[in-house]
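Data from entry-v6.cif: mmCIF, C-alpha atoms
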data_target
#
loop_
_atom_site.group_PDB
_atom_site.id
_atom_site.type_symbol
_atom_site.label_atom_id
_atom_site.label_comp_id
_atom_site.auth_asym_id
_atom_site.auth_seq_id
_atom_site.Cartn_x
_atom_site.Cartn_y
_atom_site.Cartn_z
ATOM 1 C CA ILE A 896 -50.999 -29.289 48.695
ATOM 2 C CA ASN A 897 -49.780 -25.766 49.350
ATOM 3 C CA ARG A 898 -46.140 -26.809 48.935
ATOM 4 C CA ARG A 899 -46.806 -28.601 45.638
ATOM 5 C CA HIS A 900 -48.776 -25.643 44.298
ATOM 6 C CA ARG A 901 -45.871 -23.294 45.151
ATOM 7 C CA ALA A 902 -43.354 -25.552 43.342
ATOM 8 C CA GLN A 903 -45.417 -25.569 40.110
ATOM 9 C CA ARG A 904 -45.881 -21.848 40.048
ATOM 10 C CA GLY A 905 -44.056 -19.814 37.239
ATOM 11 C CA MET A 906 -41.680 -16.879 37.501
ATOM 12 C CA THR A 907 -42.905 -13.509 38.642
ATOM 13 C CA LEU A 908 -42.862 -10.506 36.334
ATOM 14 C CA VAL A 909 -39.917 -8.979 38.203
ATOM 15 C CA GLU A 910 -37.893 -12.198 37.813
ATOM 16 C CA VAL A 911 -38.650 -12.305 34.066
ATOM 17 C CA LEU A 912 -37.597 -8.660 33.594
ATOM 18 C CA VAL A 913 -34.346 -9.135 35.537
ATOM 19 C CA ALA A 914 -33.498 -12.338 33.622
ATOM 20 C CA SER A 915 -34.334 -10.654 30.276
ATOM 21 C CA GLY A 916 -32.202 -7.608 31.140
ATOM 22 C CA LEU A 917 -29.209 -9.730 32.112
ATOM 23 C CA GLY A 918 -29.615 -11.859 28.988
ATOM 24 C CA MET A 919 -29.702 -8.748 26.783
ATOM 25 C CA LEU A 920 -26.537 -7.378 28.431
ATOM 26 C CA VAL A 921 -24.690 -10.651 27.851
ATOM 27 C CA LEU A 922 -25.971 -10.868 24.247
ATOM 28 C CA GLY A 923 -24.975 -7.226 23.603
ATOM 29 C CA ALA A 924 -21.470 -7.829 24.963
ATOM 30 C CA ILE A 925 -21.064 -10.932 22.787
ATOM 31 C CA MET A 926 -22.262 -9.056 19.681
ATOM 32 C CA ALA A 927 -19.908 -6.107 20.354
ATOM 33 C CA LEU A 928 -16.974 -8.487 20.821
ATOM 34 C CA THR A 929 -17.879 -10.353 17.627
ATOM 35 C CA LEU A 930 -18.139 -7.105 15.638
ATOM 36 C CA PHE A 931 -14.828 -5.828 17.021
ATOM 37 C CA SER A 932 -13.116 -9.159 16.249
ATOM 38 C CA ALA A 933 -14.513 -9.264 12.704
ATOM 39 C CA ARG A 934 -13.398 -5.685 12.037
ATOM 40 C CA SER A 935 -9.926 -6.374 13.465
ATOM 41 C CA PHE A 936 -9.572 -9.555 11.403
ATOM 42 C CA ALA A 937 -10.677 -7.737 8.242
ATOM 43 C CA ALA A 938 -8.244 -4.875 8.945
ATOM 44 C CA LEU A 939 -5.368 -7.306 9.548
ATOM 45 C CA THR A 940 -6.164 -9.240 6.376
ATOM 46 C CA ASN A 941 -6.389 -5.940 4.485
ATOM 47 C CA TYR A 942 -3.053 -4.769 5.892
ATOM 48 C CA VAL A 943 -1.305 -8.011 4.896
ATOM 49 C CA ASP A 944 -2.806 -7.948 1.395
ATOM 50 C CA LEU A 945 -1.920 -4.296 0.772
ATOM 51 C CA ASP A 946 1.577 -4.879 2.169
ATOM 52 C CA ASN A 947 2.101 -7.860 -0.167
ATOM 53 C CA ILE A 948 0.926 -5.861 -3.181
ATOM 54 C CA SER A 949 3.141 -2.902 -2.218
ATOM 55 C CA ARG A 950 6.113 -5.188 -1.687
ATOM 56 C CA SER A 951 5.591 -6.853 -5.066
ATOM 57 C CA ALA A 952 5.349 -3.472 -6.829
ATOM 58 C CA LEU A 953 8.456 -2.243 -5.037
ATOM 59 C CA ASP A 954 10.400 -5.405 -5.933
ATOM 60 C CA THR A 955 9.437 -5.066 -9.605
ATOM 61 C CA MET A 956 10.402 -1.402 -9.793
ATOM 62 C CA THR A 957 13.626 -1.847 -7.803
ATOM 63 C CA MET A 958 14.849 -4.687 -10.003
ATOM 64 C CA GLU A 959 14.158 -2.756 -13.201
ATOM 65 C CA ILE A 960 15.463 0.630 -12.039
ATOM 66 C CA ARG A 961 18.758 -0.924 -10.937
ATOM 67 C CA GLN A 962 19.211 -2.466 -14.391
ATOM 68 C CA ALA A 963 18.237 0.658 -16.361
ATOM 69 C CA GLU A 964 20.795 2.448 -18.515
ATOM 70 C CA ARG A 965 19.447 5.841 -17.478
ATOM 71 C CA LEU A 966 16.392 7.920 -16.689
ATOM 72 C CA VAL A 967 14.854 9.419 -19.832
ATOM 73 C CA SER A 968 12.137 11.579 -18.267
ATOM 74 C CA GLY A 969 10.195 11.975 -15.072
ATOM 75 C CA ASP A 970 8.150 14.109 -12.729
ATOM 76 C CA GLU A 971 6.191 13.526 -9.519
ATOM 77 C CA ASN A 972 3.727 11.160 -11.234
ATOM 78 C CA HIS A 973 5.728 9.337 -13.884
ATOM 79 C CA MET A 974 9.211 8.116 -14.754
ATOM 80 C CA THR A 975 10.625 6.543 -17.916
ATOM 81 C CA PHE A 976 13.839 4.529 -18.105
ATOM 82 C CA LEU A 977 15.954 3.421 -21.065
ATOM 83 C CA PHE A 978 17.159 -0.187 -21.260
ATOM 84 C CA ALA A 979 19.671 -1.773 -23.640
ATOM 85 C CA ASN A 980 20.153 -5.371 -24.677
ATOM 86 C CA PRO A 981 23.384 -6.617 -23.032
ATOM 87 C CA THR A 982 24.425 -8.559 -26.147
ATOM 88 C CA ASN A 983 23.397 -5.912 -28.691
ATOM 89 C CA ALA A 984 23.598 -2.319 -27.423
ATOM 90 C CA ALA A 985 21.773 -1.093 -30.540
ATOM 91 C CA VAL A 986 18.561 -2.743 -29.290
ATOM 92 C CA THR A 987 16.892 -0.480 -26.717
ATOM 93 C CA TRP A 988 13.475 -0.110 -25.138
ATOM 94 C CA THR A 989 11.819 1.993 -22.459
ATOM 95 C CA VAL A 990 9.873 1.160 -19.338
ATOM 96 C CA SER A 991 7.544 3.769 -17.840
ATOM 97 C CA TYR A 992 5.815 3.923 -14.494
ATOM 98 C CA VAL A 993 2.782 6.202 -14.553
ATOM 99 C CA TYR A 994 0.640 7.105 -11.551
ATOM 100 C CA THR A 995 -2.850 8.430 -12.268
ATOM 101 C CA PRO A 996 -4.435 10.009 -9.169
ATOM 102 C CA SER A 997 -7.963 9.900 -10.633
ATOM 103 C CA SER A 998 -7.848 6.108 -11.056
ATOM 104 C CA ALA A 999 -5.566 5.565 -8.012
ATOM 105 C CA GLN A 1000 -3.361 3.217 -10.050
ATOM 106 C CA LEU A 1001 0.342 2.844 -10.807
ATOM 107 C CA VAL A 1002 0.805 1.366 -14.276
ATOM 108 C CA ARG A 1003 3.911 -0.162 -15.872
ATOM 109 C CA LEU A 1004 4.183 0.501 -19.612
ATOM 110 C CA SER A 1005 6.719 -1.303 -21.791
ATOM 111 C CA GLN A 1006 6.828 -2.337 -25.453
ATOM 112 C CA GLY A 1007 3.098 -1.899 -25.934
ATOM 113 C CA THR A 1008 2.078 -3.762 -22.782
ATOM 114 C CA ARG A 1009 0.251 -2.139 -19.901
ATOM 115 C CA ARG A 1010 0.202 -3.744 -16.461
ATOM 116 C CA VAL A 1011 -1.338 -2.285 -13.314
ATOM 117 C CA ILE A 1012 1.117 -2.951 -10.493
ATOM 118 C CA LEU A 1013 -0.526 -0.898 -7.731
ATOM 119 C CA ARG A 1014 -4.244 -0.265 -7.127
ATOM 120 C CA GLU A 1015 -6.144 1.738 -4.522
ATOM 121 C CA CYS A 1016 -3.225 4.131 -4.235
ATOM 122 C CA ASP A 1017 -4.264 7.375 -2.524
ATOM 123 C CA PHE A 1018 -0.878 9.068 -2.819
ATOM 124 C CA LEU A 1019 2.250 8.396 -4.876
ATOM 125 C CA ARG A 1020 5.244 10.599 -5.562
ATOM 126 C CA PHE A 1021 8.540 10.099 -7.368
ATOM 127 C CA ALA A 1022 11.605 12.192 -6.492
ATOM 128 C CA TYR A 1023 14.984 12.246 -8.238
ATOM 129 C CA PHE A 1024 18.504 12.831 -6.935
ATOM 130 C CA GLN A 1025 22.001 13.336 -8.384
ATOM 131 C CA ARG A 1026 25.046 11.223 -7.718
ATOM 132 C CA ASN A 1027 26.862 13.584 -5.350
ATOM 133 C CA PRO A 1028 25.930 13.402 -1.676
ATOM 134 C CA VAL A 1029 25.232 16.457 0.442
ATOM 135 C CA ALA A 1030 28.342 17.127 2.569
ATOM 136 C CA GLY A 1031 28.099 15.702 6.084
ATOM 137 C CA THR A 1032 24.883 13.712 5.431
ATOM 138 C CA TYR A 1033 23.686 10.522 3.755
ATOM 139 C CA ASP A 1034 21.388 12.554 1.506
ATOM 140 C CA GLN A 1035 21.860 13.403 -2.174
ATOM 141 C CA TYR A 1036 21.350 16.610 -4.103
ATOM 142 C CA PRO A 1037 17.971 16.869 -5.824
ATOM 143 C CA ALA A 1038 18.097 16.390 -9.586
ATOM 144 C CA PHE A 1039 16.102 18.700 -11.845
ATOM 145 C CA VAL A 1040 14.720 15.891 -13.962
ATOM 146 C CA PRO A 1041 12.029 17.666 -16.022
ATOM 147 C CA THR A 1042 14.685 19.928 -17.558
ATOM 148 C CA ASN A 1043 17.710 17.586 -17.428
ATOM 149 C CA PRO A 1044 17.311 13.894 -16.484
ATOM 150 C CA ALA A 1045 20.958 12.995 -17.316
ATOM 151 C CA PRO A 1046 22.503 13.531 -13.835
ATOM 152 C CA CYS A 1047 19.817 11.466 -12.076
ATOM 153 C CA LYS A 1048 21.418 8.572 -10.175
ATOM 154 C CA LEU A 1049 18.829 7.827 -7.494
ATOM 155 C CA VAL A 1050 15.019 7.584 -7.539
ATOM 156 C CA GLN A 1051 12.797 7.828 -4.462
ATOM 157 C CA MET A 1052 9.282 6.381 -4.489
ATOM 158 C CA SER A 1053 6.669 6.955 -1.766
ATOM 159 C CA TRP A 1054 3.033 5.900 -1.652
ATOM 160 C CA ILE A 1055 0.025 5.199 0.562
ATOM 161 C CA CYS A 1056 -2.704 2.709 -0.344
ATOM 162 C CA SER A 1057 -6.080 2.165 1.323
ATOM 163 C CA ARG A 1058 -9.294 0.143 1.082
ATOM 164 C CA GLN A 1059 -12.816 0.353 2.422
ATOM 165 C CA ILE A 1060 -13.658 -1.870 5.391
ATOM 166 C CA MET A 1061 -17.207 -1.506 6.665
ATOM 167 C CA GLN A 1062 -17.548 1.857 4.859
ATOM 168 C CA GLN A 1063 -14.316 3.279 6.336
ATOM 169 C CA ALA A 1064 -11.022 3.749 4.517
ATOM 170 C CA VAL A 1065 -8.245 1.773 6.160
ATOM 171 C CA ASN A 1066 -4.691 2.341 4.958
ATOM 172 C CA THR A 1067 -1.464 0.391 5.189
ATOM 173 C CA GLU A 1068 -0.745 2.205 8.456
ATOM 174 C CA SER A 1069 2.427 3.755 7.020
ATOM 175 C CA VAL A 1070 3.972 5.268 3.930
ATOM 176 C CA GLN A 1071 5.772 2.794 1.696
ATOM 177 C CA SER A 1072 9.012 4.424 0.622
ATOM 178 C CA ALA A 1073 12.296 3.423 -0.989
ATOM 179 C CA ARG A 1074 15.318 4.948 -2.671
ATOM 180 C CA VAL A 1075 16.766 3.013 -5.583
ATOM 181 C CA VAL A 1076 20.133 3.614 -7.245
ATOM 182 C CA ILE A 1077 20.476 3.336 -11.029
ATOM 183 C CA ARG A 1078 23.523 1.059 -11.074
ATOM 184 C CA LYS A 1079 24.524 1.252 -14.727
ATOM 185 C CA GLN A 1080 24.823 5.016 -14.846
#
Could I get this file's structure written as structure tokens?
Amino acid sequence: INRRHRAQRGMTLVEVLVASGLGMLVLGAIMALTLFSARSFAALTNYVDLDNISRSALDTMTMEIRQAERLVSGDENHMTFLFANPTNAAVTWTVSYVYTPSSAQLVRLSQGTRRVILRECDFLRFAYFQRNPVAGTYDQYPAFVPTNPAPCKLVQMSWICSRQIMQQAVNTESVQSARVVIRKQ
């Protein structure tokens, strides 16, 4: 009877506390791993999405800048290009790219249409260069576009975009940058 009574007896308080403590440690480790994995997955998804948007904006601008007749005006936050119809040179139009820091957007303006091509842009800068390279380097001379856009042959664009993930800004991990040559000039 003593053996049977011992076998039916429950766990002691010490055994319950030890088992509860170990269970909480395992549960805490699983929750931390799950949170880390979810944050990493969200950051990776964010990076891929921002990279795709940046790549699309860069492709659009590169294609148009290469086909432009010339730069009409520009500064650090905007640039305007002149285009001509290949079959009728008398028909021209302009395409502008305007970055507004307050809205964090890069907008393409052409013939009365407005299209946002880059959102959540924390930093964007345009720089302009002349045709002649600096002696002994692969660099070009800066062009003084606000006063004279005519000698501009090359445009540099640089930007950084970011988003909020779990109340923290996460960027594209690098600056997107490109130099584009105006081919028709």
Query raised in the report: What's the 12 Å shell around A:Phe978, counting all atoms listed in the file, without same-chain residues fewer than 4 positions away, as JSON, numbers by chain?
Result: {"A": [959, 960, 961, 962, 963, 964, 965, 966, 967, 983, 984, 985, 986, 987, 988, 989, 990, 991, 1005, 1006, 1077, 1079, 1080]}
Query raised in the report: Using only C-alpha atoms, which of A:Gln1025, A:Val909, A:Ile948, A:Ala938 sits nearest A:Val1011?
Result: A:Ile948
Query - For A:Arg1020: contacts at 6 Å, all atoms listed in the file, fewer than 5 positions along chain excluded, given as a count of residues only - result: 4
Query - Nearby residues (only C-alpha atoms) at most 12 Å from A:Ser997, same-chain spacing under 6 positions excluded, as a PyMOL selection string - result: chain A and resi 972+1014-1019
Query - For A:Ala1022: contacts at 10 Å, all atoms listed in the file, fewer than 4 positions along chain excluded, given as a VMD selection string - result: chain A and resid 969 to 974 1037 to 1040 1047 1049 to 1053 1074
Requested in this report: Quick one: pull the distance between atom CA of A:Phe1021 and atom CA of A:Asn947, Å, one decimal.
Outcome: 20.4 Å
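The smallest atom-to-atom distance between A:Gln1059 and any of A:Ser998, A:Thr955, A:Asn941, A:Thr1042, using all atoms listed in the file, is found for A:Asn941.
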Query raised in the report: Taking all atoms listed in the file into account, which of A:Gly916, A:Tyr992, A:Tyr1023, A:Ser932 comes nearest A:Thr1008?
Result: A:Tyr992
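Closest approach to A:Ser949 among A:Ala999, A:Val921, A:Cys1056, A:Leu1004 is made by A:Cys1056 (distances from all atoms listed in the file).
Distance annotation: of A:Ser968, A:Ser935, A:Thr957, A:Met926, the residue with the minimal separation from A:Pro1041 is A:Ser968; atom set is all atoms listed in the file.
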Query raised in the report: Which is closer to A:Tyr1036 than all the others in A:Asp944, A:Phe976, A:Phe1024, A:Leu930, using only C-alpha atoms?
Result: A:Phe1024
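From atom CA of A:Arg934 back to atom CA of A:Val1070, the distance works out to 22.1 Å.
Of note, atom CA of A:Arg1026 and atom CA of A:Asp954 are spaced 22.2 Å apart.
For A:Leu1013, the list of residues within 10 Å, based on only C-alpha atoms and with local chain neighbours fewer than 5 positions off taken out, reads Leu945, Ile948, Ser949, Arg950, Ser951, Ala952, Leu953, Tyr994, Ala999, Gln1000, Leu1001, Val1002, Arg1003, Trp1054 and Cys1056 of chain A.
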Residues from the last selection, C-alpha atoms, saved as a PDB file, in the coordinates of the input:
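This went into selection.pdb:
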ATOM      1  CA  LEU A 945      -1.920  -4.296   0.772  1.00  0.00           C
ATOM      2  CA  ILE A 948       0.926  -5.861  -3.181  1.00  0.00           C
ATOM      3  CA  SER A 949       3.141  -2.902  -2.218  1.00  0.00           C
ATOM      4  CA  ARG A 950       6.113  -5.188  -1.687  1.00  0.00           C
ATOM      5  CA  SER A 951       5.591  -6.853  -5.066  1.00  0.00           C
ATOM      6  CA  ALA A 952       5.349  -3.472  -6.829  1.00  0.00           C
ATOM      7  CA  LEU A 953       8.456  -2.243  -5.037  1.00  0.00           C
ATOM      8  CA  TYR A 994       0.640   7.105 -11.551  1.00  0.00           C
ATOM      9  CA  ALA A 999      -5.566   5.565  -8.012  1.00  0.00           C
ATOM     10  CA  GLN A1000      -3.361   3.217 -10.050  1.00  0.00           C
ATOM     11  CA  LEU A1001       0.342   2.844 -10.807  1.00  0.00           C
ATOM     12  CA  VAL A1002       0.805   1.366 -14.276  1.00  0.00           C
ATOM     13  CA  ARG A1003       3.911  -0.162 -15.872  1.00  0.00           C
ATOM     14  CA  TRP A1054       3.033   5.900  -1.652  1.00  0.00           C
ATOM     15  CA  CYS A1056      -2.704   2.709  -0.344  1.00  0.00           C
TER      16      CYS A1056
END
Expected file for stretch 932-1032 of chain A keeping C-alpha atoms, as a PDB file, in the first residue's frame:
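What ended up in decode-v2.pdb:
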ATOM      1  CA  SER A 932      13.143  36.111 -37.634  1.00  0.00           C
ATOM      2  CA  ALA A 933      10.042  38.234 -38.274  1.00  0.00           C
ATOM      3  CA  ARG A 934      12.068  41.452 -38.090  1.00  0.00           C
ATOM      4  CA  SER A 935      14.751  40.036 -40.407  1.00  0.00           C
ATOM      5  CA  PHE A 936      12.139  38.836 -42.903  1.00  0.00           C
ATOM      6  CA  ALA A 937      10.396  42.224 -42.847  1.00  0.00           C
ATOM      7  CA  ALA A 938      13.729  44.033 -43.321  1.00  0.00           C
ATOM      8  CA  LEU A 939      14.683  41.767 -46.236  1.00  0.00           C
ATOM      9  CA  THR A 940      11.287  42.230 -47.878  1.00  0.00           C
ATOM     10  CA  ASN A 941      11.596  45.988 -47.332  1.00  0.00           C
ATOM     11  CA  TYR A 942      15.092  46.039 -48.834  1.00  0.00           C
ATOM     12  CA  VAL A 943      13.967  44.132 -51.941  1.00  0.00           C
ATOM     13  CA  ASP A 944      10.912  46.358 -52.414  1.00  0.00           C
ATOM     14  CA  LEU A 945      12.860  49.605 -52.000  1.00  0.00           C
ATOM     15  CA  ASP A 946      15.590  48.292 -54.310  1.00  0.00           C
ATOM     16  CA  ASN A 947      13.011  47.419 -56.995  1.00  0.00           C
ATOM     17  CA  ILE A 948      11.405  50.857 -56.741  1.00  0.00           C
ATOM     18  CA  SER A 949      14.812  52.579 -56.883  1.00  0.00           C
ATOM     19  CA  ARG A 950      15.851  50.471 -59.853  1.00  0.00           C
ATOM     20  CA  SER A 951      12.628  51.274 -61.705  1.00  0.00           C
ATOM     21  CA  ALA A 952      13.045  55.016 -61.054  1.00  0.00           C
ATOM     22  CA  LEU A 953      16.667  54.871 -62.168  1.00  0.00           C
ATOM     23  CA  ASP A 954      15.763  52.965 -65.351  1.00  0.00           C
ATOM     24  CA  THR A 955      13.068  55.516 -66.221  1.00  0.00           C
ATOM     25  CA  MET A 956      15.340  58.501 -65.657  1.00  0.00           C
ATOM     26  CA  THR A 957      18.335  56.925 -67.415  1.00  0.00           C
ATOM     27  CA  MET A 958      16.340  56.082 -70.531  1.00  0.00           C
ATOM     28  CA  GLU A 959      14.885  59.582 -70.774  1.00  0.00           C
ATOM     29  CA  ILE A 960      18.063  61.510 -69.937  1.00  0.00           C
ATOM     30  CA  ARG A 961      20.012  59.620 -72.605  1.00  0.00           C
ATOM     31  CA  GLN A 962      17.403  60.570 -75.214  1.00  0.00           C
ATOM     32  CA  ALA A 963      17.116  64.237 -74.184  1.00  0.00           C
ATOM     33  CA  GLU A 964      18.237  66.989 -76.542  1.00  0.00           C
ATOM     34  CA  ARG A 965      19.708  68.990 -73.672  1.00  0.00           C
ATOM     35  CA  LEU A 966      19.332  70.112 -70.083  1.00  0.00           C
ATOM     36  CA  VAL A 967      17.178  73.238 -69.800  1.00  0.00           C
ATOM     37  CA  SER A 968      17.528  73.941 -66.074  1.00  0.00           C
ATOM     38  CA  GLY A 969      18.499  72.251 -62.859  1.00  0.00           C
ATOM     39  CA  ASP A 970      19.731  72.450 -59.299  1.00  0.00           C
ATOM     40  CA  GLU A 971      20.222  69.986 -56.442  1.00  0.00           C
ATOM     41  CA  ASN A 972      16.488  69.196 -56.237  1.00  0.00           C
ATOM     42  CA  HIS A 973      15.191  69.430 -59.788  1.00  0.00           C
ATOM     43  CA  MET A 974      16.201  69.032 -63.421  1.00  0.00           C
ATOM     44  CA  THR A 975      14.349  69.779 -66.660  1.00  0.00           C
ATOM     45  CA  PHE A 976      15.226  68.334 -70.061  1.00  0.00           C
ATOM     46  CA  LEU A 977      14.158  69.321 -73.574  1.00  0.00           C
ATOM     47  CA  PHE A 978      13.014  66.627 -76.011  1.00  0.00           C
ATOM     48  CA  ALA A 979      12.315  66.880 -79.744  1.00  0.00           C
ATOM     49  CA  ASN A 980      10.210  64.715 -82.010  1.00  0.00           C
ATOM     50  CA  PRO A 981      12.605  62.727 -84.249  1.00  0.00           C
ATOM     51  CA  THR A 982      10.372  63.155 -87.313  1.00  0.00           C
ATOM     52  CA  ASN A 983       9.464  66.807 -86.701  1.00  0.00           C
ATOM     53  CA  ALA A 984      12.129  68.827 -84.864  1.00  0.00           C
ATOM     54  CA  ALA A 985       9.681  71.722 -84.446  1.00  0.00           C
ATOM     55  CA  VAL A 986       7.668  69.639 -81.954  1.00  0.00           C
ATOM     56  CA  THR A 987       9.336  69.799 -78.531  1.00  0.00           C
ATOM     57  CA  TRP A 988       8.388  69.090 -74.938  1.00  0.00           C
ATOM     58  CA  THR A 989      10.052  69.058 -71.536  1.00  0.00           C
ATOM     59  CA  VAL A 990      10.373  66.454 -68.828  1.00  0.00           C
ATOM     60  CA  SER A 991      11.142  67.551 -65.267  1.00  0.00           C
ATOM     61  CA  TYR A 992      12.218  65.578 -62.241  1.00  0.00           C
ATOM     62  CA  VAL A 993      11.430  67.385 -58.998  1.00  0.00           C
ATOM     63  CA  TYR A 994      12.406  66.212 -55.522  1.00  0.00           C
ATOM     64  CA  THR A 995      10.463  67.681 -52.605  1.00  0.00           C
ATOM     65  CA  PRO A 996      12.174  66.977 -49.260  1.00  0.00           C
ATOM     66  CA  SER A 997       9.044  67.792 -47.224  1.00  0.00           C
ATOM     67  CA  SER A 998       6.998  65.091 -48.982  1.00  0.00           C
ATOM     68  CA  ALA A 999      10.016  62.777 -49.530  1.00  0.00           C
ATOM     69  CA  GLN A1000       8.967  62.221 -53.151  1.00  0.00           C
ATOM     70  CA  LEU A1001      10.597  62.415 -56.576  1.00  0.00           C
ATOM     71  CA  VAL A1002       8.016  63.424 -59.176  1.00  0.00           C
ATOM     72  CA  ARG A1003       8.195  63.236 -62.979  1.00  0.00           C
ATOM     73  CA  LEU A1004       6.378  66.088 -64.731  1.00  0.00           C
ATOM     74  CA  SER A1005       5.711  66.045 -68.471  1.00  0.00           C
ATOM     75  CA  GLN A1006       3.011  67.521 -70.712  1.00  0.00           C
ATOM     76  CA  GLY A1007       0.631  68.149 -67.834  1.00  0.00           C
ATOM     77  CA  THR A1008       1.038  64.723 -66.239  1.00  0.00           C
ATOM     78  CA  ARG A1009       2.487  64.189 -62.791  1.00  0.00           C
ATOM     79  CA  ARG A1010       3.795  60.790 -61.723  1.00  0.00           C
ATOM     80  CA  VAL A1011       5.504  59.962 -58.436  1.00  0.00           C
ATOM     81  CA  ILE A1012       8.432  57.692 -59.275  1.00  0.00           C
ATOM     82  CA  LEU A1013      10.130  57.569 -55.863  1.00  0.00           C
ATOM     83  CA  ARG A1014       8.524  57.673 -52.399  1.00  0.00           C
ATOM     84  CA  GLU A1015       9.943  57.607 -48.880  1.00  0.00           C
ATOM     85  CA  CYS A1016      13.089  59.311 -50.118  1.00  0.00           C
ATOM     86  CA  ASP A1017      15.093  60.776 -47.225  1.00  0.00           C
ATOM     87  CA  PHE A1018      17.825  62.297 -49.380  1.00  0.00           C
ATOM     88  CA  LEU A1019      18.152  63.066 -53.092  1.00  0.00           C
ATOM     89  CA  ARG A1020      20.649  65.227 -54.929  1.00  0.00           C
ATOM     90  CA  PHE A1021      21.319  65.975 -58.584  1.00  0.00           C
ATOM     91  CA  ALA A1022      24.772  67.076 -59.771  1.00  0.00           C
ATOM     92  CA  TYR A1023      25.801  68.220 -63.250  1.00  0.00           C
ATOM     93  CA  PHE A1024      29.059  67.879 -65.173  1.00  0.00           C
ATOM     94  CA  GLN A1025      30.565  69.190 -68.428  1.00  0.00           C
ATOM     95  CA  ARG A1026      31.817  67.134 -71.324  1.00  0.00           C
ATOM     96  CA  ASN A1027      35.552  67.511 -70.708  1.00  0.00           C
ATOM     97  CA  PRO A1028      37.159  65.074 -68.281  1.00  0.00           C
ATOM     98  CA  VAL A1029      39.532  66.140 -65.536  1.00  0.00           C
ATOM     99  CA  ALA A1030      43.088  65.349 -66.707  1.00  0.00           C
ATOM    100  CA  GLY A1031      44.412  62.043 -65.381  1.00  0.00           C
ATOM    101  CA  THR A1032      41.054  60.882 -63.929  1.00  0.00           C
TER     102      THR A1032
END
